[in-house]
$ cat final04.cif   # mmCIF, C-alpha atoms and all ligand atoms
data_model
#
loop_
_atom_site.label_atom_id
_atom_site.label_comp_id
_atom_site.auth_asym_id
_atom_site.auth_seq_id
_atom_site.Cartn_x
_atom_site.Cartn_y
_atom_site.Cartn_z
CA MET C 79 111.34 89.30 109.00
CA SER C 80 108.93 87.83 111.54
CA GLU C 81 105.87 89.61 110.10
CA LYS C 82 106.42 88.08 106.70
CA ASN C 83 104.06 85.16 107.07
CA THR C 84 101.22 86.77 108.97
CA ASN C 85 98.79 86.67 106.06
CA THR C 86 99.81 83.56 104.20
CA THR C 87 97.20 81.36 105.85
CA VAL C 88 94.56 82.84 103.57
CA GLU C 89 95.13 80.83 100.46
CA ASP C 90 92.60 81.77 97.89
CA ALA C 91 92.10 85.45 98.41
CA VAL C 92 93.17 88.57 100.19
CA PRO C 93 92.22 88.76 103.88
CA PRO C 94 88.54 89.50 104.50
CA PRO C 95 87.78 93.13 105.32
CA ARG C 96 86.15 92.24 108.64
CA ALA C 97 89.39 90.66 109.85
CA ALA C 98 91.28 93.76 108.79
CA ALA C 99 88.79 96.05 110.46
CA SER C 100 89.11 94.27 113.77
CA SER C 101 92.82 95.01 114.15
CA GLU C 102 94.50 98.32 114.91
CA PRO C 103 95.09 100.46 111.85
CA LEU C 104 98.63 100.63 110.54
CA LEU C 105 98.10 104.11 109.17
CA GLU C 106 95.29 106.47 110.06
CA VAL C 107 94.61 109.89 108.60
CA LYS C 108 92.01 112.31 109.89
CA GLY C 109 90.86 115.46 108.13
CA LEU C 110 93.93 115.28 105.90
CA THR C 111 94.21 118.46 103.86
CA LYS C 112 96.63 119.83 101.28
CA HIS C 113 96.10 123.27 99.80
CA PHE C 114 98.75 124.43 97.34
CA PRO C 115 98.98 128.22 97.61
CA ILE C 116 98.70 130.35 94.47
CA TYR C 117 100.73 133.55 94.47
CA GLY C 118 100.07 136.63 92.37
CA GLY C 119 100.39 140.40 92.30
CA PHE C 120 103.16 142.80 91.38
CA PRO C 121 105.59 144.00 92.62
CA ILE C 122 104.85 142.23 95.89
CA LYS C 123 103.67 138.65 95.42
CA ARG C 124 101.12 137.47 97.87
CA LYS C 125 98.80 134.52 98.25
CA VAL C 126 95.75 135.01 96.04
CA GLY C 127 94.17 131.59 96.38
CA ALA C 128 94.84 127.90 96.81
CA VAL C 129 94.45 124.65 94.93
CA GLN C 130 92.38 122.57 97.33
CA ALA C 131 93.91 119.31 96.14
CA VAL C 132 92.98 117.27 99.23
CA ASP C 133 90.37 118.54 101.63
CA GLY C 134 89.54 116.67 104.81
CA VAL C 135 90.27 113.04 103.97
CA THR C 136 89.76 110.53 106.78
CA LEU C 137 90.96 106.98 106.11
CA SER C 138 92.54 103.99 107.80
CA VAL C 139 94.80 101.33 106.33
CA TYR C 140 95.00 98.04 108.23
CA PRO C 141 98.02 95.74 108.37
CA GLY C 142 98.27 93.54 105.30
CA GLU C 143 95.16 94.89 103.59
CA SER C 144 94.85 96.45 100.18
CA LEU C 145 92.88 99.67 100.06
CA GLY C 146 91.98 100.98 96.62
CA LEU C 147 91.83 104.74 96.08
CA VAL C 148 89.86 105.62 92.98
CA GLY C 149 88.70 108.76 91.19
CA GLU C 150 89.07 110.69 87.96
CA SER C 151 92.26 112.49 87.10
CA GLY C 152 92.75 115.62 89.21
CA CYS C 153 90.73 114.33 92.19
CA GLY C 154 93.73 114.47 94.51
CA LYS C 155 94.77 110.81 94.57
CA SER C 156 98.49 111.36 93.99
CA THR C 157 98.56 114.21 96.48
CA THR C 158 96.89 111.93 99.03
CA GLY C 159 99.48 109.22 98.27
CA ARG C 160 102.30 111.69 98.79
CA LEU C 161 100.78 112.89 102.03
CA LEU C 162 100.40 109.32 103.31
CA THR C 163 104.07 108.68 102.64
CA ARG C 164 104.93 112.12 104.06
CA LEU C 165 106.63 113.16 100.83
CA LEU C 166 104.38 116.20 101.24
CA GLU C 167 103.64 118.13 104.39
CA PRO C 168 99.89 118.38 105.11
CA THR C 169 98.21 121.78 105.45
CA ASP C 170 95.84 120.38 108.05
CA GLY C 171 94.67 117.13 109.62
CA SER C 172 96.66 114.34 111.21
CA ILE C 173 98.60 111.25 110.15
CA THR C 174 99.18 108.46 112.63
CA TYR C 175 101.45 105.52 111.87
CA LYS C 176 101.34 102.59 114.32
CA GLY C 177 99.82 104.90 116.90
CA GLN C 178 102.53 107.54 116.48
CA ASP C 179 101.57 111.02 115.27
CA ILE C 180 103.80 111.74 112.27
CA THR C 181 101.81 114.68 110.86
CA HIS C 182 104.65 117.14 111.19
CA ALA C 183 107.44 114.73 112.09
CA GLY C 184 110.91 115.96 111.19
CA ARG C 185 113.55 114.12 109.22
CA LYS C 186 114.95 112.37 112.28
CA GLN C 187 111.61 111.10 113.57
CA LEU C 188 110.61 110.04 110.07
CA ALA C 189 113.80 108.13 109.29
CA PRO C 190 112.73 104.74 110.69
CA ILE C 191 109.23 105.17 109.26
CA ARG C 192 110.47 106.11 105.79
CA SER C 193 111.76 102.59 105.33
CA GLU C 194 108.44 101.05 106.36
CA ILE C 195 106.30 103.13 104.00
CA GLN C 196 107.32 103.00 100.36
CA MET C 197 105.87 104.35 97.15
CA ILE C 198 105.66 102.93 93.64
CA PHE C 199 105.15 105.56 90.98
CA GLN C 200 103.04 105.62 87.87
CA ASP C 201 105.72 106.17 85.31
CA PRO C 202 108.37 103.44 85.29
CA TYR C 203 110.42 105.52 82.81
CA ALA C 204 110.63 108.70 84.82
CA SER C 205 111.03 107.11 88.23
CA LEU C 206 114.28 105.25 87.48
CA ASN C 207 117.57 107.07 87.05
CA PRO C 208 118.70 106.21 83.49
CA ARG C 209 122.38 106.57 84.40
CA GLN C 210 122.31 104.04 87.23
CA THR C 211 122.45 100.27 86.92
CA VAL C 212 119.57 98.21 88.23
CA GLY C 213 121.85 97.05 91.04
CA THR C 214 122.55 100.62 92.14
CA ILE C 215 118.90 101.65 91.85
CA ILE C 216 117.62 98.78 93.98
CA SER C 217 120.38 98.94 96.56
CA SER C 218 120.27 102.72 97.03
CA PRO C 219 117.46 102.64 99.65
CA MET C 220 119.64 100.23 101.67
CA GLU C 221 122.61 102.51 101.28
CA ILE C 222 120.71 105.65 102.25
CA ASN C 223 119.30 103.95 105.32
CA GLY C 224 122.58 102.25 106.24
CA ILE C 225 121.10 98.77 105.98
CA ASN C 226 123.47 95.86 105.47
CA PRO C 227 121.61 92.59 104.94
CA PRO C 228 123.45 89.52 106.29
CA GLN C 229 123.99 88.14 102.78
CA GLY C 230 125.34 91.50 101.54
CA ARG C 231 123.61 94.15 99.46
CA GLU C 232 124.39 92.67 96.07
CA ALA C 233 123.05 89.23 97.00
CA ARG C 234 119.95 90.86 98.45
CA VAL C 235 119.38 92.83 95.22
CA ARG C 236 119.70 89.63 93.19
CA GLU C 237 117.18 88.01 95.54
CA LEU C 238 114.82 90.95 95.07
CA LEU C 239 115.18 90.75 91.29
CA GLU C 240 114.11 87.14 91.50
CA ILE C 241 111.16 87.94 93.77
CA VAL C 242 109.81 90.43 91.23
CA GLY C 243 110.29 88.00 88.36
CA LEU C 244 113.45 89.45 86.80
CA ASN C 245 116.70 87.72 85.98
CA PRO C 246 119.23 88.24 88.82
CA GLU C 247 121.94 88.20 86.14
CA HIS C 248 120.63 91.56 84.94
CA TYR C 249 122.08 93.28 87.98
CA ASN C 250 124.46 95.40 85.89
CA ARG C 251 122.02 96.46 83.20
CA PHE C 252 120.55 99.93 82.76
CA PRO C 253 116.82 100.82 82.80
CA HIS C 254 116.67 101.43 79.02
CA GLU C 255 117.51 97.77 78.45
CA PHE C 256 114.19 96.75 79.98
CA SER C 257 110.58 96.90 78.77
CA GLY C 258 107.96 99.05 80.54
CA GLY C 259 106.62 96.14 82.56
CA GLN C 260 110.13 95.09 83.58
CA ARG C 261 110.98 98.64 84.62
CA GLN C 262 107.93 98.73 86.85
CA ARG C 263 109.20 95.47 88.37
CA ILE C 264 112.49 97.22 89.09
CA GLY C 265 110.49 99.96 90.85
CA VAL C 266 108.73 97.27 92.87
CA ALA C 267 112.05 95.64 93.82
CA ARG C 268 113.36 99.02 94.98
CA ALA C 269 110.23 99.52 97.10
CA LEU C 270 110.74 96.06 98.64
CA ALA C 271 114.40 96.63 99.48
CA LEU C 272 113.66 97.89 102.99
CA GLU C 273 110.97 95.29 103.78
CA PRO C 274 108.14 97.84 103.97
CA LYS C 275 104.91 97.36 105.89
CA LEU C 276 102.97 99.66 103.57
CA ILE C 277 103.34 100.42 99.88
CA VAL C 278 101.47 103.27 98.26
CA ALA C 279 101.26 102.34 94.58
CA ASP C 280 100.24 105.37 92.52
CA GLU C 281 98.61 104.10 89.32
CA PRO C 282 101.40 101.51 89.03
CA VAL C 283 100.10 99.97 85.83
CA SER C 284 98.31 102.76 83.97
CA ALA C 285 101.40 103.60 81.89
CA LEU C 286 101.80 99.97 80.81
CA ASP C 287 100.38 98.00 77.90
CA VAL C 288 97.08 96.37 78.77
CA SER C 289 98.62 92.93 78.21
CA ILE C 290 101.34 93.65 80.78
CA GLN C 291 99.07 95.29 83.36
CA ALA C 292 97.62 92.02 84.66
CA GLN C 293 101.10 90.55 85.17
CA VAL C 294 102.24 93.46 87.30
CA VAL C 295 98.97 93.49 89.26
CA ASN C 296 99.41 89.75 89.89
CA LEU C 297 102.93 90.35 91.14
CA LEU C 298 101.74 93.03 93.57
CA GLN C 299 98.93 90.79 94.75
CA GLU C 300 101.38 87.96 95.43
CA LEU C 301 103.61 90.31 97.40
CA GLN C 302 100.65 91.51 99.42
CA ARG C 303 99.65 87.96 100.29
CA ASP C 304 103.05 86.39 100.74
CA LEU C 305 104.83 89.20 102.52
CA GLY C 306 101.82 90.62 104.38
CA ILE C 307 102.47 94.12 103.03
CA ALA C 308 99.58 96.59 103.19
CA PHE C 309 98.86 98.44 99.95
CA VAL C 310 97.17 101.66 99.03
CA PHE C 311 96.48 101.05 95.36
CA ILE C 312 95.66 104.22 93.46
CA ALA C 313 93.75 103.93 90.18
CA HIS C 314 91.60 106.16 87.99
CA ASP C 315 88.93 103.56 87.36
CA LEU C 316 87.36 100.77 89.31
CA SER C 317 88.25 97.81 87.11
CA ILE C 318 91.81 97.07 88.29
CA VAL C 319 91.09 97.88 91.91
CA ARG C 320 88.35 95.28 91.90
CA HIS C 321 90.92 92.54 91.42
CA PHE C 322 93.33 93.93 93.91
CA SER C 323 91.66 95.69 96.81
CA GLU C 324 89.36 94.32 99.45
CA ARG C 325 88.31 97.83 100.47
CA VAL C 326 87.87 100.76 98.16
CA ALA C 327 87.67 104.51 98.76
CA VAL C 328 86.25 106.72 96.02
CA MET C 329 87.59 110.28 95.80
CA TYR C 330 86.03 113.27 94.14
CA LEU C 331 87.62 116.70 94.05
CA GLY C 332 89.76 116.30 97.15
CA LYS C 333 87.25 114.39 99.24
CA VAL C 334 86.41 110.77 99.92
CA VAL C 335 82.77 110.41 98.88
CA GLU C 336 82.35 106.69 99.54
CA VAL C 337 84.32 103.92 101.19
CA ALA C 338 83.31 100.30 101.58
CA ASP C 339 84.46 96.75 101.31
CA ARG C 340 84.71 95.58 97.73
CA ASP C 341 81.46 93.61 97.46
CA SER C 342 79.38 96.25 99.14
CA LEU C 343 80.81 99.01 96.95
CA TYR C 344 80.52 97.16 93.66
CA GLU C 345 77.13 95.63 94.33
CA ARG C 346 75.45 98.38 96.33
CA PRO C 347 77.08 101.73 95.59
CA ARG C 348 75.15 104.49 97.34
CA HIS C 349 76.94 107.55 95.99
CA PRO C 350 75.89 108.70 92.52
CA TYR C 351 79.54 109.27 91.57
CA THR C 352 80.52 105.70 92.46
CA HIS C 353 77.52 104.51 90.54
CA ALA C 354 78.62 106.48 87.50
CA LEU C 355 82.19 105.18 87.75
CA LEU C 356 80.88 101.64 88.02
CA SER C 357 78.65 101.95 85.03
CA ALA C 358 81.78 102.78 83.04
CA VAL C 359 83.29 99.42 84.01
CA PRO C 360 81.74 96.77 81.76
CA GLU C 361 83.06 93.75 83.64
CA ALA C 362 81.75 95.03 86.96
CA ASP C 363 78.24 95.02 85.65
CA LEU C 364 76.88 91.59 84.99
CA ASP C 365 73.44 92.88 84.05
CA GLN C 366 74.82 95.35 81.57
CA GLU C 367 72.05 94.66 79.05
CA LYS C 368 69.34 95.70 81.44
CA ARG C 369 71.01 98.80 82.80
CA GLU C 370 71.18 102.19 81.28
CA ARG C 371 74.69 103.55 81.33
CA ILE C 372 75.43 106.69 83.27
CA ARG C 373 77.83 108.94 81.48
CA LEU C 374 79.39 111.82 83.29
CA ALA C 375 79.44 115.02 81.31
CA GLY C 376 82.31 117.48 81.45
CA ASP C 377 85.38 117.46 83.61
CA VAL C 378 86.03 117.61 87.30
CA PRO C 379 85.57 121.30 88.33
CA SER C 380 88.62 123.30 89.36
CA PRO C 381 89.90 122.59 92.86
CA ILE C 382 90.70 126.31 93.15
CA MET C 383 87.01 127.15 93.42
CA PRO C 384 85.20 123.91 94.19
CA PRO C 385 81.38 123.97 94.16
CA SER C 386 79.71 124.82 97.47
CA GLY C 387 77.99 122.10 99.48
CA CYS C 388 78.49 118.79 97.72
CA ARG C 389 81.37 119.09 95.29
CA PHE C 390 79.78 116.60 92.91
CA ARG C 391 76.58 118.62 92.53
CA THR C 392 77.51 120.28 89.20
CA ARG C 393 77.60 116.86 87.56
CA CYS C 394 75.02 115.03 89.66
CA TRP C 395 71.67 114.11 88.17
CA LYS C 396 70.13 113.85 91.65
CA ALA C 397 71.24 117.24 92.94
CA GLN C 398 68.72 119.38 94.83
CA GLU C 399 68.92 122.72 96.61
CA LYS C 400 70.29 121.22 99.80
CA CYS C 401 73.28 119.90 97.86
CA ALA C 402 74.43 123.46 97.15
CA THR C 403 74.18 124.68 100.72
CA GLU C 404 75.14 121.74 102.92
CA GLU C 405 78.16 119.55 102.58
CA PRO C 406 77.08 115.92 103.02
CA PRO C 407 79.04 114.17 105.79
CA LEU C 408 80.71 110.80 105.14
CA ILE C 409 78.47 108.52 107.19
CA GLN C 410 77.04 105.04 107.42
CA LEU C 411 73.59 105.23 105.81
CA SER C 412 70.73 103.02 106.83
CA GLY C 413 70.63 100.00 104.54
CA SER C 414 74.39 100.02 104.00
CA ARG C 415 76.65 97.28 105.24
CA GLU C 416 78.75 97.96 108.33
CA GLY C 417 81.75 100.09 107.44
CA HIS C 418 80.19 101.27 104.18
CA LEU C 419 80.28 105.08 104.39
CA THR C 420 78.75 107.50 101.91
CA ALA C 421 78.68 111.30 101.64
CA CYS C 422 75.40 112.12 99.90
CA HIS C 423 72.11 113.78 100.85
CA PHE C 424 70.08 111.78 98.32
CA PRO C 425 71.87 108.47 98.00
CA GLU C 426 71.08 105.62 95.66
CA GLU C 427 68.80 102.94 97.05
CA PRO C 428 70.63 99.98 98.54
CA THR C 429 69.04 97.42 96.23
CA THR C 430 70.06 96.60 92.68
CA GLU C 431 66.45 96.69 91.44
CA ALA C 432 65.85 100.15 92.85
CA ARG C 433 69.09 101.41 91.37
CA GLU C 434 68.13 100.20 87.93
CA THR C 435 65.12 102.48 87.87
CA ASP C 436 67.15 105.27 89.46
CA VAL C 437 69.62 105.56 86.65
CA VAL C 438 69.22 108.69 84.59
CA MET C 439 71.56 110.03 81.97
CA ASP C 440 73.17 113.28 82.87
CA PRO C 441 70.81 115.90 81.34
CA ALA C 442 73.69 118.00 80.02
CA LEU C 443 75.14 115.00 78.23
CA VAL C 444 71.79 114.00 76.75
CA ALA C 445 71.56 117.51 75.26
CA ILE C 446 75.07 117.29 73.82
CA GLU C 447 74.45 113.87 72.32
CA LYS C 448 71.18 115.05 70.78
CA GLU C 449 72.92 118.00 69.23
CA LEU C 450 75.70 115.86 67.83
CA SER C 451 73.27 113.39 66.32
CA GLY C 452 71.24 116.24 64.77
CA GLU C 453 68.06 115.45 66.72
CA GLU C 454 65.66 118.14 67.84
N1 LIG M 501 102.56 120.86 93.53
C1 LIG M 501 101.36 121.29 93.15
N2 LIG M 501 101.08 122.62 93.09
C2 LIG M 501 99.87 123.06 92.73
N3 LIG M 501 98.83 122.25 92.41
C3 LIG M 501 99.04 120.94 92.45
C4 LIG M 501 100.30 120.37 92.82
N4 LIG M 501 100.21 119.02 92.78
C5 LIG M 501 98.94 118.74 92.39
N5 LIG M 501 98.24 119.88 92.19
C6 LIG M 501 96.84 120.01 91.79
O1 LIG M 501 96.06 119.32 92.75
C7 LIG M 501 94.98 118.65 92.12
C8 LIG M 501 95.05 117.19 92.46
O2 LIG M 501 96.17 116.62 91.80
P1 LIG M 501 96.59 115.10 91.95
O3 LIG M 501 96.71 114.78 93.39
O4 LIG M 501 97.77 114.89 91.10
O5 LIG M 501 95.31 114.33 91.36
P2 LIG M 501 95.17 112.87 90.74
O6 LIG M 501 96.35 112.09 91.15
O7 LIG M 501 93.88 112.36 91.29
O8 LIG M 501 95.09 113.06 89.26
C9 LIG M 501 95.09 118.94 90.64
O9 LIG M 501 94.24 120.01 90.33
C10 LIG M 501 96.53 119.31 90.46
O10 LIG M 501 96.69 120.20 89.39
S1 LIG M 502 74.72 115.26 97.89
FE1 LIG M 502 73.39 115.87 96.21
S2 LIG M 502 74.76 116.53 94.56
FE2 LIG M 502 75.97 115.37 96.05
S3 LIG M 502 76.00 113.34 95.24
FE3 LIG M 502 74.31 113.42 96.69
S4 LIG M 502 72.52 113.97 95.46
FE4 LIG M 502 74.34 114.37 94.20
MG MG M 503 97.77 111.02 89.98
#
$ encode --input "final04.cif" --output "structure tokens" --more "lines below"
Ligand SMILES: Nc1ncnc2c1ncn2[C@@H]1O[C@H](COP(=O)(O)OP(=O)(O)O)[C@@H](O)[C@H]1O
Ligand code: SF4
Ligand SMILES: [Mg+2]
Amino acid sequence: MSEKNTNTTVEDAVPPPRAAASSEPLLEVKGLTKHFPIYGGFPIKRKVGAVQAVDGVTLSVYPGESLGLVGESGCGKSTTGRLLTRLLEPTDGSITYKGQDITHAGRKQLAPIRSEIQMIFQDPYASLNPRQTVGTIISSPMEINGINPPQGREARVRELLEIVGLNPEHYNRFPHEFSGGQRQRIGVARALALEPKLIVADEPVSALDVSIQAQVVNLLQELQRDLGIAFVFIAHDLSIVRHFSERVAVMYLGKVVEVADRDSLYERPRHPYTHALLSAVPEADLDQEKRERIRLAGDVPSPIMPPSGCRFRTRCWKAQEKCATEEPPLIQLSGSREGHLTACHFPEEPTTEARETDVVMDPALVAIEKELSGEE
């Protein structure tokens, strides 16, 4: 309970990234990789390939901070989330929690850590057992871990219901009696039951009505501030993360292509992919009138056979020969703020003015749009 108030001195906002960066990371992953094998052949099945869902991700999460993890669908965000919480076993790389290597930790070694790292899932319908009461759902982590709060489990569940903005009297109700937003609150209460230090929230609001999304994000933000819980907040676009996360990592096809503190990333993105994602976020772009919008054509390529070199090159309007042969390392580029890392051979200029002239529509998309509009 003693860590509960560590971050409450910051009243108006989440802790500044510099403060976070100066402390020891809570969770650190290096070269984290998950390849799902594909089997084929008859009569003897053997491995014929692999889905390279996550491929060499290096990240740190600091105590009490909120790190956003953003990228299009299929980029490997959920797999990364499941690796961080050790719901999945990594193929390669390392995971360190509070200085302890847990990469291949067994059930016994993981037991105390399991309670400190919790996950909130995207779908509040699928993630709650419809046959259990809210009381049973929220108290089950305590039961599994043999935790008996001084006030008793039931009283603690009622307390948790109140913390997440639900009526404690609803203890005996079933999930179907609640709305989507309320069900996600139940999921949040369950995640809080063991007083976690880190919550990985995998697109926690994308299945909810837009009007409800802000309420749930506000709740999570309050928990982060008041209880000092660190969050990895996974989202498929940059708009929600902007409100929630003081640092943001952008993923593309299994790799982190850019990571920076919020202001640096939103104001001075250096990676073309981040730039494209940002131009799809109207509220992030105050000078919208002046800027041409970048629109990404096509889908993310298959992670079974990702492009050589830079994985973004098949959709990048700045790609050159080098991009096909050399993988760009994730590094601090000159002109970027400290801690702002980018993986690109031909990055965007670090000034807004320069970026405005940089912006080019994806040539493939221009062709498609011309065709659709009947132009020559
Ligand atoms: N258990 C699995 N077996 C095989 N492929 C998987 C599995 N889980 C995820 N994938 C694949 O890994 C890639 C990344 O998936 P995921 O992590 O869910 O991405 P995101 O959450 O960013 O949408 C996708 O191509 C997905 O189909
Ligand atoms: S390395 Fe090349 S292809 Fe990749 S983002 Fe940079 S310019 Fe585009
Ligand atoms: Mg996902």
$ residues_near_point --input "final04.cif" --point "(80.7, 111.8, 101.1)" --cutoff "12 Å" --atoms "all atoms listed in the file" --output "mmCIF file with C-alpha atoms, keeping the file's coordinate frame"
data_model
loop_
_atom_site.group_PDB
_atom_site.id
_atom_site.type_symbol
_atom_site.label_atom_id
_atom_site.label_comp_id
_atom_site.auth_asym_id
_atom_site.auth_seq_id
_atom_site.Cartn_x
_atom_site.Cartn_y
_atom_site.Cartn_z
ATOM 1 C CA ASP C 133 90.370 118.540 101.630
ATOM 2 C CA GLY C 134 89.540 116.670 104.810
ATOM 3 C CA VAL C 135 90.270 113.040 103.970
ATOM 4 C CA THR C 136 89.760 110.530 106.780
ATOM 5 C CA ALA C 327 87.670 104.510 98.760
ATOM 6 C CA VAL C 328 86.250 106.720 96.020
ATOM 7 C CA MET C 329 87.590 110.280 95.800
ATOM 8 C CA TYR C 330 86.030 113.270 94.140
ATOM 9 C CA LEU C 331 87.620 116.700 94.050
ATOM 10 C CA GLY C 332 89.760 116.300 97.150
ATOM 11 C CA LYS C 333 87.250 114.390 99.240
ATOM 12 C CA VAL C 334 86.410 110.770 99.920
ATOM 13 C CA VAL C 335 82.770 110.410 98.880
ATOM 14 C CA GLU C 336 82.350 106.690 99.540
ATOM 15 C CA VAL C 337 84.320 103.920 101.190
ATOM 16 C CA ALA C 338 83.310 100.300 101.580
ATOM 17 C CA ARG C 348 75.150 104.490 97.340
ATOM 18 C CA HIS C 349 76.940 107.550 95.990
ATOM 19 C CA PRO C 350 75.890 108.700 92.520
ATOM 20 C CA TYR C 351 79.540 109.270 91.570
ATOM 21 C CA THR C 352 80.520 105.700 92.460
ATOM 22 C CA GLY C 387 77.990 122.100 99.480
ATOM 23 C CA CYS C 388 78.490 118.790 97.720
ATOM 24 C CA ARG C 389 81.370 119.090 95.290
ATOM 25 C CA PHE C 390 79.780 116.600 92.910
ATOM 26 C CA ARG C 391 76.580 118.620 92.530
ATOM 27 C CA CYS C 401 73.280 119.900 97.860
ATOM 28 C CA GLU C 404 75.140 121.740 102.920
ATOM 29 C CA GLU C 405 78.160 119.550 102.580
ATOM 30 C CA PRO C 406 77.080 115.920 103.020
ATOM 31 C CA PRO C 407 79.040 114.170 105.790
ATOM 32 C CA LEU C 408 80.710 110.800 105.140
ATOM 33 C CA ILE C 409 78.470 108.520 107.190
ATOM 34 C CA GLN C 410 77.040 105.040 107.420
ATOM 35 C CA LEU C 411 73.590 105.230 105.810
ATOM 36 C CA HIS C 418 80.190 101.270 104.180
ATOM 37 C CA LEU C 419 80.280 105.080 104.390
ATOM 38 C CA THR C 420 78.750 107.500 101.910
ATOM 39 C CA ALA C 421 78.680 111.300 101.640
ATOM 40 C CA CYS C 422 75.400 112.120 99.900
ATOM 41 C CA HIS C 423 72.110 113.780 100.850
ATOM 42 C CA PHE C 424 70.080 111.780 98.320
ATOM 43 C CA PRO C 425 71.870 108.470 98.000
#
$ residues_around --input "final04.cif" --residues "C:Arg164" --least-positions-apart "2" --cutoff "9 Å" --atoms "only C-alpha atoms" --output "ChimeraX atom specification"
/C:159-162,166-168,173,180-183,188,192
$ axis_aligned_box --input "final04.cif" --around "stretch 132-141 of chain C" --padding-each-side "5 Å" --output "JSON"
{"center_x": 93.8, "center_y": 107.1, "center_z": 103.8, "size_x": 18.5, "size_y": 32.8, "size_z": 19.1}
$ closest_atom_pairs --input "final04.cif" --of "chain C" --to "ligand MG 503 (chain M)" --cutoff "12 Å" --atoms "all atoms listed in the file" --output "Markdown table"
| residue | atom | partner | partner_atom | distance |
| --- | --- | --- | --- | --- |
| C:Ala131 | CA | M:MG503 | MG | 11.0 |
| C:Leu147 | CA | M:MG503 | MG | 10.6 |
| C:Val148 | CA | M:MG503 | MG | 10.0 |
| C:Gly149 | CA | M:MG503 | MG | 9.4 |
| C:Glu150 | CA | M:MG503 | MG | 8.9 |
| C:Ser151 | CA | M:MG503 | MG | 6.4 |
| C:Gly152 | CA | M:MG503 | MG | 6.9 |
| C:Cys153 | CA | M:MG503 | MG | 8.1 |
| C:Gly154 | CA | M:MG503 | MG | 7.0 |
| C:Lys155 | CA | M:MG503 | MG | 5.5 |
| C:Ser156 | CA | M:MG503 | MG | 4.1 |
| C:Thr157 | CA | M:MG503 | MG | 7.3 |
| C:Thr158 | CA | M:MG503 | MG | 9.1 |
| C:Gly159 | CA | M:MG503 | MG | 8.7 |
| C:Arg160 | CA | M:MG503 | MG | 9.9 |
| C:Ile198 | CA | M:MG503 | MG | 11.9 |
| C:Phe199 | CA | M:MG503 | MG | 9.2 |
| C:Gln200 | CA | M:MG503 | MG | 7.8 |
| C:Asp201 | CA | M:MG503 | MG | 10.4 |
| C:Val278 | CA | M:MG503 | MG | 11.9 |
| C:Ala279 | CA | M:MG503 | MG | 10.4 |
| C:Asp280 | CA | M:MG503 | MG | 6.7 |
| C:Glu281 | CA | M:MG503 | MG | 7.0 |
| C:Pro282 | CA | M:MG503 | MG | 10.2 |
| C:Ser284 | CA | M:MG503 | MG | 10.2 |
| C:Ala285 | CA | M:MG503 | MG | 11.6 |
| C:Phe311 | CA | M:MG503 | MG | 11.4 |
| C:Ile312 | CA | M:MG503 | MG | 7.9 |
| C:Ala313 | CA | M:MG503 | MG | 8.2 |
| C:His314 | CA | M:MG503 | MG | 8.1 |
| C:Asp315 | CA | M:MG503 | MG | 11.9 |
| C:Met329 | CA | M:MG503 | MG | 11.7 |
| C:Gly332 | CA | M:MG503 | MG | 12.0 |
$ write_last_selection --input "final04.cif" --atoms "C-alpha atoms" --output "compact mmCIF listing (two decimals), in the frame of the given file"
# COMPACT_ATOMS: atom_id res chain seq x y z
CA ALA C 131 93.91 119.31 96.14
CA LEU C 147 91.83 104.74 96.08
CA VAL C 148 89.86 105.62 92.98
CA GLY C 149 88.70 108.76 91.19
CA GLU C 150 89.07 110.69 87.96
CA SER C 151 92.26 112.49 87.10
CA GLY C 152 92.75 115.62 89.21
CA CYS C 153 90.73 114.33 92.19
CA GLY C 154 93.73 114.47 94.51
CA LYS C 155 94.77 110.81 94.57
CA SER C 156 98.49 111.36 93.99
CA THR C 157 98.56 114.21 96.48
CA THR C 158 96.89 111.93 99.03
CA GLY C 159 99.48 109.22 98.27
CA ARG C 160 102.30 111.69 98.79
CA ILE C 198 105.66 102.93 93.64
CA PHE C 199 105.15 105.56 90.98
CA GLN C 200 103.04 105.62 87.87
CA ASP C 201 105.72 106.17 85.31
CA VAL C 278 101.47 103.27 98.26
CA ALA C 279 101.26 102.34 94.58
CA ASP C 280 100.24 105.37 92.52
CA GLU C 281 98.61 104.10 89.32
CA PRO C 282 101.40 101.51 89.03
CA SER C 284 98.31 102.76 83.97
CA ALA C 285 101.40 103.60 81.89
CA PHE C 311 96.48 101.05 95.36
CA ILE C 312 95.66 104.22 93.46
CA ALA C 313 93.75 103.93 90.18
CA HIS C 314 91.60 106.16 87.99
CA ASP C 315 88.93 103.56 87.36
CA MET C 329 87.59 110.28 95.80
CA GLY C 332 89.76 116.30 97.15
$ atom_distance --input "final04.cif" --atom1 "atom CA of C:Leu206" --atom2 "atom CA of C:Tyr140"
29.2 Å
$ residues_around --input "final04.cif" --residues "C:Gln299" --least-positions-apart "3" --cutoff "10 Å" --atoms "all atoms listed in the file" --output "MDAnalysis selection string"
chainID C and resid 91:92 144 293:296 302:305 307 309 321:323
$ atom_distance --input "final04.cif" --atom1 "atom O3 of ligand LIG 501 (chain M)" --atom2 "atom CA of C:Thr403"
25.7 Å
$ atom_distance --input "final04.cif" --atom1 "atom CA of C:Gly146" --atom2 "atom CA of C:Ile215"
27.3 Å
$ closest_residue --input "final04.cif" --among "C:Glu143, C:Asp377, C:Glu427, C:Glu399" --to "ligand LIG 502 (chain M)" --atoms "all atoms listed in the file"
C:Glu399
$ closest_residue --input "final04.cif" --among "C:Asp339, C:Glu194, C:Glu345, C:Glu426" --to "ligand LIG 502 (chain M)" --atoms "all atoms listed in the file"
C:Glu426
$ closest_residue --input "final04.cif" --among "C:Lys108, C:Arg346, C:Lys275, C:Arg340" --to "C:Ser172" --atoms "all atoms listed in the file"
C:Lys108
